[in-house]
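Contents: one structure, followed by commentary.
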Amino acid sequence: MENLARPPCHVTGTAFITGGGSGIGKFIASTYAQNGIEGLALADINITNLQNVQAELSNLYPDVRVEVFSVNVTEEKQIAAIIQSAAAKFGRIDISIHAAGITGAVAPTHEYPLEDWQRVINTNQTGVMLCDKWMIRQMLTQELRAGYEGRGMIVNVASIAGVSAPDGRIGAAAYVASKHAVVGLTKLDAKIYANQGIRINAICPGYVVTPLIRQELESHALSFEIEKTSLKRAAEAEEIANAVLFLTSRMGSYMCANTFVVDGGYTA
């Protein structure tokens with residue numbers, strides 16, 4: 001029987017996180033370090049950010065081993081290599097969070113630049129697919145553990161833009177399309193691999209105070225969107241990290257193929 005003396009949101013083993021150098025990914029790493037994780041494999045395109053996060057976490061949580069990997073999630077060879085390297089360093093990967101993403105141009109569809117469309121789709125959609133592809137391959141080789149952990153857990157970071165569309169004043173064709181694709185891929189893969197011990201979910205945050213949208217929030221450019229939330233505010237990144245912790249802990253053990261919306265009531 002599982003050790004019920006542990007806190008219900010306790011996690012163990014190793015977590016792999018893309019986008020781990022800033023924003024939601026960074027806060028997920030910190031939240032895991034606070035709640036029992038033994039190893040963190042953090043991946044990001046910005047190696048300086050990663051090294052800063054590594055130093056910060058190692059100072060605060062010296063018992064947690066932190067490894068960092070520079071990666072462009074649109075490059076399959078890089079994704080395959082760092083997942084294989086992380087698994088070799090830690091022995092296995094128990095949790096994988098795919099949080100790397102970009103927002104893209106603000107323009108209506110009839111004016112949307114093709115170059116930007118392809119850039120956003122490559123990062124947000126193809127990047128998540130590549131992470132899923134190679135992480136699932138890795139997890140299928142891992143021992144099936146009893147309890148909620150199985151062979152591993154994956155959380156794809158989508159968005160409320162994956163289950164709805166923003167106000168008509170915001171043209172975000174590529175972002176909305178890419179995040180809807182993440183939700184669809186998550187549902188499909190979750191059904192395919194659940195009986196092989198891999199539990200997959202998507203989380204759909206609302207507007208979050210991160211470097212990507214901080215300027216828009218501070219200039220009140222998104223005030224009309226924030227007003228649509230029941231809580232009348234944007235989320236802190238820590239609040240999204242806590243929801244991811246729930247999904248990958250014993251508390252979330254029966255959640256599979258789920259689109260977990262954390263939006264302050266925006267889509268109600």
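Following the order of the structure tokens, first chain is A, next is B, and so on, with residues numbered from 1 inside each chain and ligands from 1 in the order they appear.
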Select from range 20-249 of chain A everything DSSP, run on the backbone, classes as helix (DSSP H, G or I), then give the selection as a PyMOL selection string.
-> chain A and resi 23-34+47-60+76-90+109-111+114-140+160-162+173-196+214-218+223-226+237-247
Skip range 15-22 of chain A itself and residues of its chain fewer than 3 positions away, then list as a ChimeraX atom specification all residues within 9 Å of it, counting only C-alpha atoms.
-> /A:12,25-29,32,37-54,68,71,73,83,86,93-101,131,210-211
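Nearest to Gly127 in chain A of all the residues A:Ala80, A:Leu114, A:Ala105, A:Ala165 is A:Ala80, based on only C-alpha atoms.
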Would you tabulate, counting only C-alpha atoms, all residues of range 148-236 of chain A that have an atom at most 7 Å from an atom of range 257-262 of chain A, showing the closest pair of atoms and their distance in Å to one decimal, sorted by chain then ascending number, as JSON lines?
{"residue": "A:Ile160", "atom": "CA", "partner": "A:Val261", "partner_atom": "CA", "distance": 6.9}
{"residue": "A:Val183", "atom": "CA", "partner": "A:Thr259", "partner_atom": "CA", "distance": 6.9}
{"residue": "A:Thr186", "atom": "CA", "partner": "A:Ala257", "partner_atom": "CA", "distance": 6.4}
{"residue": "A:Lys187", "atom": "CA", "partner": "A:Ala257", "partner_atom": "CA", "distance": 4.6}
{"residue": "A:Ala190", "atom": "CA", "partner": "A:Ala257", "partner_atom": "CA", "distance": 4.9}
{"residue": "A:Lys191", "atom": "CA", "partner": "A:Ala257", "partner_atom": "CA", "distance": 6.6}
{"residue": "A:Ile200", "atom": "CA", "partner": "A:Ala257", "partner_atom": "CA", "distance": 5.9}
{"residue": "A:Asn201", "atom": "CA", "partner": "A:Ala257", "partner_atom": "CA", "distance": 5.0}
{"residue": "A:Ala202", "atom": "CA", "partner": "A:Thr259", "partner_atom": "CA", "distance": 5.0}
{"residue": "A:Ile203", "atom": "CA", "partner": "A:Phe260", "partner_atom": "CA", "distance": 4.6}
{"residue": "A:Cys204", "atom": "CA", "partner": "A:Val261", "partner_atom": "CA", "distance": 4.6}
{"residue": "A:Pro205", "atom": "CA", "partner": "A:Val262", "partner_atom": "CA", "distance": 4.8}
{"residue": "A:Gly206", "atom": "CA", "partner": "A:Val262", "partner_atom": "CA", "distance": 6.1}
Residue selection dump (all heavy atoms) as an mmCIF file, in the first residue's frame:
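Here's the written file part25.cif:
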data_model
loop_
_atom_site.group_PDB
_atom_site.id
_atom_site.type_symbol
_atom_site.label_atom_id
_atom_site.label_comp_id
_atom_site.auth_asym_id
_atom_site.auth_seq_id
_atom_site.Cartn_x
_atom_site.Cartn_y
_atom_site.Cartn_z
ATOM 1 N N ILE A 160 -5.996 28.841 -21.858
ATOM 2 C CA ILE A 160 -7.431 29.034 -22.100
ATOM 3 C C ILE A 160 -7.693 29.240 -23.588
ATOM 4 O O ILE A 160 -8.793 28.982 -24.067
ATOM 5 C CB ILE A 160 -8.019 30.200 -21.290
ATOM 6 C CG1 ILE A 160 -7.206 31.483 -21.479
ATOM 7 C CG2 ILE A 160 -8.159 29.836 -19.835
ATOM 8 C CD1 ILE A 160 -7.856 32.718 -20.880
ATOM 9 N N VAL A 183 -4.208 20.660 -26.840
ATOM 10 C CA VAL A 183 -5.298 19.992 -26.127
ATOM 11 C C VAL A 183 -5.718 18.715 -26.852
ATOM 12 O O VAL A 183 -5.889 17.652 -26.241
ATOM 13 C CB VAL A 183 -6.499 20.935 -25.953
ATOM 14 C CG1 VAL A 183 -7.734 20.179 -25.460
ATOM 15 C CG2 VAL A 183 -6.159 22.059 -24.975
ATOM 16 N N THR A 186 -3.045 15.986 -26.531
ATOM 17 C CA THR A 186 -3.046 15.459 -25.162
ATOM 18 C C THR A 186 -4.148 14.430 -24.976
ATOM 19 O O THR A 186 -3.920 13.347 -24.410
ATOM 20 C CB THR A 186 -3.218 16.605 -24.156
ATOM 21 O OG1 THR A 186 -2.122 17.520 -24.286
ATOM 22 C CG2 THR A 186 -3.278 16.077 -22.733
ATOM 23 N N LYS A 187 -5.339 14.739 -25.414
ATOM 24 C CA LYS A 187 -6.465 13.817 -25.258
ATOM 25 C C LYS A 187 -6.206 12.510 -25.999
ATOM 26 O O LYS A 187 -6.471 11.420 -25.478
ATOM 27 C CB LYS A 187 -7.760 14.469 -25.762
ATOM 28 C CG LYS A 187 -8.255 15.612 -24.887
ATOM 29 C CD LYS A 187 -9.534 16.206 -25.467
ATOM 30 C CE LYS A 187 -10.081 17.302 -24.581
ATOM 31 N NZ LYS A 187 -11.330 17.896 -25.126
ATOM 32 N N ALA A 190 -3.287 10.534 -24.296
ATOM 33 C CA ALA A 190 -3.692 10.021 -22.987
ATOM 34 C C ALA A 190 -4.480 8.729 -23.124
ATOM 35 O O ALA A 190 -4.289 7.781 -22.351
ATOM 36 C CB ALA A 190 -4.519 11.077 -22.248
ATOM 37 N N LYS A 191 -5.355 8.663 -24.110
ATOM 38 C CA LYS A 191 -6.158 7.455 -24.320
ATOM 39 C C LYS A 191 -5.312 6.303 -24.846
ATOM 40 O O LYS A 191 -5.546 5.146 -24.518
ATOM 41 C CB LYS A 191 -7.313 7.754 -25.275
ATOM 42 C CG LYS A 191 -8.389 8.636 -24.672
ATOM 43 C CD LYS A 191 -9.589 8.739 -25.592
ATOM 44 C CE LYS A 191 -10.736 9.485 -24.916
ATOM 45 N NZ LYS A 191 -11.948 9.514 -25.759
ATOM 46 N N ILE A 200 -1.391 11.211 -18.932
ATOM 47 C CA ILE A 200 -1.143 12.466 -19.651
ATOM 48 C C ILE A 200 -2.326 13.404 -19.486
ATOM 49 O O ILE A 200 -3.486 13.007 -19.667
ATOM 50 C CB ILE A 200 -0.882 12.202 -21.151
ATOM 51 C CG1 ILE A 200 0.240 11.180 -21.335
ATOM 52 C CG2 ILE A 200 -0.546 13.503 -21.872
ATOM 53 C CD1 ILE A 200 0.484 10.765 -22.775
ATOM 54 N N ASN A 201 -2.044 14.656 -19.162
ATOM 55 C CA ASN A 201 -3.056 15.696 -19.037
ATOM 56 C C ASN A 201 -2.545 16.996 -19.647
ATOM 57 O O ASN A 201 -1.334 17.160 -19.866
ATOM 58 C CB ASN A 201 -3.399 15.948 -17.566
ATOM 59 C CG ASN A 201 -4.161 14.801 -16.929
ATOM 60 O OD1 ASN A 201 -5.329 14.587 -17.198
ATOM 61 N ND2 ASN A 201 -3.474 14.038 -16.078
ATOM 62 N N ALA A 202 -3.460 17.927 -19.878
ATOM 63 C CA ALA A 202 -3.092 19.286 -20.277
ATOM 64 C C ALA A 202 -3.595 20.250 -19.225
ATOM 65 O O ALA A 202 -4.644 20.040 -18.614
ATOM 66 C CB ALA A 202 -3.699 19.639 -21.627
ATOM 67 N N ILE A 203 -2.842 21.306 -18.989
ATOM 68 C CA ILE A 203 -3.302 22.377 -18.122
ATOM 69 C C ILE A 203 -3.500 23.630 -18.970
ATOM 70 O O ILE A 203 -2.711 23.910 -19.879
ATOM 71 C CB ILE A 203 -2.321 22.638 -16.962
ATOM 72 C CG1 ILE A 203 -2.950 23.597 -15.947
ATOM 73 C CG2 ILE A 203 -0.972 23.131 -17.446
ATOM 74 C CD1 ILE A 203 -2.230 23.641 -14.629
ATOM 75 N N CYS A 204 -4.582 24.342 -18.701
ATOM 76 C CA CYS A 204 -4.943 25.516 -19.498
ATOM 77 C C CYS A 204 -5.001 26.745 -18.600
ATOM 78 O O CYS A 204 -6.056 27.084 -18.051
ATOM 79 C CB CYS A 204 -6.289 25.301 -20.183
ATOM 80 S SG CYS A 204 -6.291 23.967 -21.399
ATOM 81 N N PRO A 205 -3.870 27.412 -18.409
ATOM 82 C CA PRO A 205 -3.868 28.611 -17.575
ATOM 83 C C PRO A 205 -4.588 29.774 -18.254
ATOM 84 O O PRO A 205 -4.609 29.885 -19.487
ATOM 85 C CB PRO A 205 -2.381 28.933 -17.410
ATOM 86 C CG PRO A 205 -1.643 27.721 -17.897
ATOM 87 C CD PRO A 205 -2.534 27.083 -18.905
ATOM 88 N N GLY A 206 -5.142 30.642 -17.430
ATOM 89 C CA GLY A 206 -5.629 31.916 -17.933
ATOM 90 C C GLY A 206 -4.460 32.884 -18.056
ATOM 91 O O GLY A 206 -3.311 32.480 -18.242
#
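DSSP annotation of range 144-225 of chain A from backbone atoms: strand (DSSP E or B) residues are Arg145, Gly150, Gly152, Met153, Ile154, Val155, Asn156, Val157, Ala172, Ile198, Arg199, Ile200, Asn201, Ala202, Ile203, Cys204, Pro205, Val208 and Val209 of chain A.
Atom pair CA of Thr103 in chain A / CA of Arg199 in chain A has a distance of 27.2 Å (rounded to one decimal).
Among the candidates A:Ser58, A:Ser85, A:Thr126, A:Thr229, the residue lying nearest to Ser70 in chain A is A:Ser85 (atoms considered: only C-alpha atoms).
Using only C-alpha atoms, the nearest neighbour of Ala194 in chain A within the list A:Gly36, A:Pro8, A:Gly13, A:Gly152 is A:Gly152.
Among the candidates A:Ala172, A:Val128, A:Leu140, A:Ala234, the residue lying nearest to Tyr112 in chain A is A:Ala172 (atoms considered: only C-alpha atoms).
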From the list A:Gln142, A:Thr123, A:Asn242, A:Ser159, the nearest residue to Val208 in chain A using only C-alpha atoms is A:Ser159
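Minimum atom-to-atom distance to Val182 in chain A, evaluated using only C-alpha atoms, belongs to A:Gln125 out of A:Ile102, A:Gln125, A:Glu149, A:Pro108.
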Within 6 Å of Phe246 in chain A, counting only C-alpha atoms, which residues show up once you throw out same-chain ones fewer than 4 positions away? Write them as a VMD selection string, please.
-> chain A and resid 9 251 to 252
How would the residues just picked look written out with N, CA and C atoms as a PDB file, in the first residue's frame?
ATOM      1  N   CYS A   9       0.157  16.073  -1.748  1.00  0.00           N
ATOM      2  CA  CYS A   9       0.743  16.633  -2.963  1.00  0.00           C
ATOM      3  C   CYS A   9       2.255  16.435  -3.013  1.00  0.00           C
ATOM      4  N   MET A 251      -2.958  13.289  -5.286  1.00  0.00           N
ATOM      5  CA  MET A 251      -4.250  13.981  -5.291  1.00  0.00           C
ATOM      6  C   MET A 251      -4.892  13.981  -6.680  1.00  0.00           C
ATOM      7  N   GLY A 252      -4.074  13.962  -7.721  1.00  0.00           N
ATOM      8  CA  GLY A 252      -4.594  13.990  -9.084  1.00  0.00           C
ATOM      9  C   GLY A 252      -4.509  12.662  -9.796  1.00  0.00           C
TER      10      GLY A 252
END
